[in-house]
$ cat protein12.txt   # compact mmCIF, C-alpha atoms
# COMPACT_ATOMS: atom_id res chain seq x y z
CA MET A 1 0.00 0.00 0.00
CA SER A 2 1.44 3.38 -0.98
CA LYS A 3 1.64 6.24 1.45
CA LYS A 4 -1.27 8.65 1.36
CA THR A 5 -0.70 12.37 0.87
CA VAL A 6 -2.26 15.06 3.04
CA LEU A 7 -2.37 18.73 2.07
CA ILE A 8 -2.58 21.05 5.07
CA VAL A 9 -3.95 24.50 4.26
CA ASP A 10 -3.42 26.84 7.20
CA ASP A 11 -1.94 30.33 7.43
CA ASP A 12 -0.61 29.61 10.92
CA ALA A 13 2.78 28.23 9.89
CA TRP A 14 3.63 26.88 13.34
CA LEU A 15 0.36 24.98 13.66
CA ALA A 16 0.53 23.67 10.09
CA GLU A 17 4.03 22.33 10.68
CA LEU A 18 2.88 20.71 13.94
CA TYR A 19 0.07 18.91 12.09
CA ALA A 20 2.55 17.91 9.38
CA ARG A 21 4.99 16.40 11.89
CA VAL A 22 2.24 14.41 13.63
CA LEU A 23 0.89 13.12 10.31
CA GLN A 24 4.38 12.25 9.02
CA LYS A 25 5.05 10.29 12.20
CA ALA A 26 1.84 8.35 11.46
CA GLY A 27 3.15 7.48 7.99
CA TYR A 28 1.58 10.14 5.76
CA ILE A 29 3.28 12.36 3.20
CA THR A 30 2.42 15.99 3.93
CA HIS A 31 2.48 19.28 2.09
CA VAL A 32 1.65 22.67 3.62
CA SER A 33 0.03 25.61 1.85
CA PRO A 34 -0.46 28.94 3.65
CA HIS A 35 -3.47 30.12 1.63
CA ALA A 36 -6.13 29.08 -0.90
CA ILE A 37 -4.28 30.24 -4.03
CA ASP A 38 -1.15 28.30 -3.10
CA ALA A 39 -3.32 25.32 -2.20
CA MET A 40 -4.81 25.14 -5.71
CA SER A 41 -1.32 24.92 -7.20
CA ALA A 42 -0.31 22.32 -4.63
CA ILE A 43 -3.40 20.24 -5.38
CA ASP A 44 -2.46 20.16 -9.05
CA ASP A 45 1.15 19.26 -8.20
CA VAL A 46 0.78 16.66 -5.42
CA HIS A 47 -2.74 15.26 -5.95
CA PRO A 48 -3.50 14.88 -2.23
CA ASP A 49 -5.66 12.07 -0.89
CA VAL A 50 -7.02 14.35 1.86
CA ILE A 51 -7.06 18.09 2.56
CA ILE A 52 -6.99 19.57 6.05
CA LEU A 53 -8.35 23.09 5.70
CA ASP A 54 -8.49 26.01 8.11
CA VAL A 55 -11.58 28.16 7.61
CA LEU A 56 -10.12 31.54 8.54
CA LEU A 57 -7.37 31.98 5.96
CA THR A 58 -5.62 35.18 5.02
CA GLY A 59 -6.91 36.42 1.66
CA ASN A 60 -9.33 34.05 -0.03
CA THR A 61 -11.36 32.04 2.43
CA ALA A 62 -11.63 28.31 2.77
CA PHE A 63 -15.07 28.52 1.19
CA THR A 64 -13.57 30.01 -1.96
CA LEU A 65 -11.24 27.01 -2.13
CA LEU A 66 -14.11 24.58 -1.46
CA HIS A 67 -16.12 26.10 -4.31
CA GLU A 68 -13.11 25.86 -6.61
CA LEU A 69 -12.52 22.22 -5.69
CA GLN A 70 -16.12 21.32 -6.45
CA SER A 71 -15.96 22.90 -9.89
CA TYR A 72 -13.70 20.08 -11.12
CA GLY A 73 -14.51 16.37 -11.12
CA ASP A 74 -11.13 15.16 -9.91
CA THR A 75 -10.60 17.72 -7.12
CA GLY A 76 -14.23 17.55 -6.05
CA ALA A 77 -13.67 13.95 -4.97
CA ILE A 78 -10.87 14.82 -2.50
CA PRO A 79 -12.16 14.50 1.08
CA VAL A 80 -11.77 17.67 3.14
CA ILE A 81 -11.40 18.00 6.90
CA LEU A 82 -12.17 21.48 8.21
CA CYS A 83 -9.97 22.39 11.15
CA THR A 84 -11.26 25.59 12.69
CA ASN A 85 -12.09 27.66 15.74
CA LEU A 86 -15.51 28.16 14.14
CA ALA A 87 -16.51 24.49 14.42
CA ALA A 88 -19.45 25.27 16.70
CA ASP A 89 -20.86 27.60 14.03
CA ILE A 90 -20.57 25.21 11.07
CA SER A 91 -22.94 22.32 10.45
CA LEU A 92 -21.42 19.30 8.75
CA ASP A 93 -24.67 18.89 6.79
CA ASP A 94 -24.19 22.39 5.35
CA VAL A 95 -20.66 21.73 4.11
CA LYS A 96 -20.94 18.08 3.02
CA PRO A 97 -21.86 19.13 -0.54
CA TYR A 98 -18.38 20.72 -0.71
CA GLY A 99 -16.57 17.47 0.05
CA VAL A 100 -16.19 18.14 3.78
CA LYS A 101 -16.18 14.84 5.67
CA ARG A 102 -15.18 15.97 9.17
CA ILE A 103 -14.93 19.16 11.22
CA LEU A 104 -12.29 19.47 13.94
CA ASP A 105 -12.60 22.15 16.60
CA LYS A 106 -9.20 23.80 17.07
CA SER A 107 -10.24 25.10 20.49
CA VAL A 108 -10.48 21.60 22.00
CA MET A 109 -8.50 19.29 19.72
CA VAL A 110 -4.98 17.95 20.09
CA PRO A 111 -2.71 17.62 17.04
CA GLU A 112 -3.08 13.81 17.06
CA ASP A 113 -6.79 14.28 16.30
CA THR A 114 -5.72 15.07 12.73
CA VAL A 115 -4.40 11.52 12.36
CA ALA A 116 -7.69 9.99 13.51
CA ALA A 117 -9.65 12.31 11.23
CA VAL A 118 -7.50 11.48 8.19
CA ARG A 119 -7.78 7.76 8.87
CA SER A 120 -11.56 8.03 9.20
CA VAL A 121 -12.03 9.78 5.84
CA LEU A 122 -9.74 7.36 4.00
CA LEU A 123 -11.73 4.26 5.01

$ encode --input "protein12.txt" --output "structure tokens"
Amino acid sequence: MSKKTVLIVDDDAWLAELYARVLQKAGYITHVSPHAIDAMSAIDDVHPDVIILDVLLTGNTAFTLLHELQSYGDTGAIPVILCTNLAADISLDDVKPYGVKRILDKSVMVPEDTVAAVRSVLL
């Protein structure tokens, strides 16, 4: 079985690198993008199996990226995990049409929760 690739889209560089280290330790290949525009290029380059996406990005929002992903057949099939401080304000039912499979609440999660979330969406 080949290693799965996770794209982490978060403008908090420290937190993104922490998620990357935890996921790498669990056996995943990771790439980090600081914003939505960079993420679109990274998606084309690395073809991630999963995207971990912060909602409150600098510049274009996560929802802009989600809309862009859904406009293409291949990228629309990539499972997305939202990782946000706004988790209490977002209903999974509302964002499922955009490929969102899980929502992690940054205010209560630990970095290892990203591993469990990635595993759950890759089943």

$ atom_distance --input "protein12.txt" --atom1 "CA of Ser41 (chain A)" --atom2 "CA of Pro79 (chain A)"
17.2 Å

$ residues_around --input "protein12.txt" --residues "Asp45 (chain A)" --least-positions-apart "2" --cutoff "12 Å" --atoms "all atoms listed in the file" --output "VMD selection string"
chain A and resid 5 7 31 33 38 to 43 47 to 48 75

$ atom_distance --input "protein12.txt" --atom1 "CA of Thr30 (chain A)" --atom2 "CA of Thr58 (chain A)"
20.8 Å

$ closest_residue --input "protein12.txt" --among "A:Val55, A:Leu69, A:Val121, A:Ala36" --to "Thr84 (chain A)" --atoms "only C-alpha atoms"
A:Val55

$ closest_residue --input "protein12.txt" --among "A:Asp74, A:Asp10, A:Asp94, A:Asp89" --to "Pro34 (chain A)" --atoms "only C-alpha atoms"
A:Asp10

$ closest_residue --input "protein12.txt" --among "A:Val115, A:Ala13, A:Cys83, A:Leu123" --to "Lys25 (chain A)" --atoms "all atoms listed in the file"
A:Val115

$ residues_near_point --input "protein12.txt" --point "(-2.4, 19.7, 7.6)" --cutoff "7 Å" --atoms "all atoms listed in the file" --output "ChimeraX atom specification"
/A:6-9,16,19-20,32,52

$ closest_residue --input "protein12.txt" --among "A:Val80, A:Gly99, A:Thr64, A:Ser107" --to "Ile37 (chain A)" --atoms "all atoms listed in the file"
A:Thr64

$ closest_residue --input "protein12.txt" --among "A:Val100, A:Val118, A:Leu57, A:Leu66" --to "Asn85 (chain A)" --atoms "only C-alpha atoms"
A:Leu57

$ atom_distance --input "protein12.txt" --atom1 "CA of Asp49 (chain A)" --atom2 "CA of Ile78 (chain A)"
6.1 Å

$ residues_near_point --input "protein12.txt" --point "(-11.2, 17.4, 12.2)" --cutoff "7 Å" --atoms "all atoms listed in the file" --output "JSON, numbers by chain"
{"A": [81, 82, 83, 102, 103, 104, 105, 113, 114, 117]}

$ closest_residue --input "protein12.txt" --among "A:Val22, A:His67, A:Ser120, A:His35" --to "Lys101 (chain A)" --atoms "only C-alpha atoms"
A:Ser120
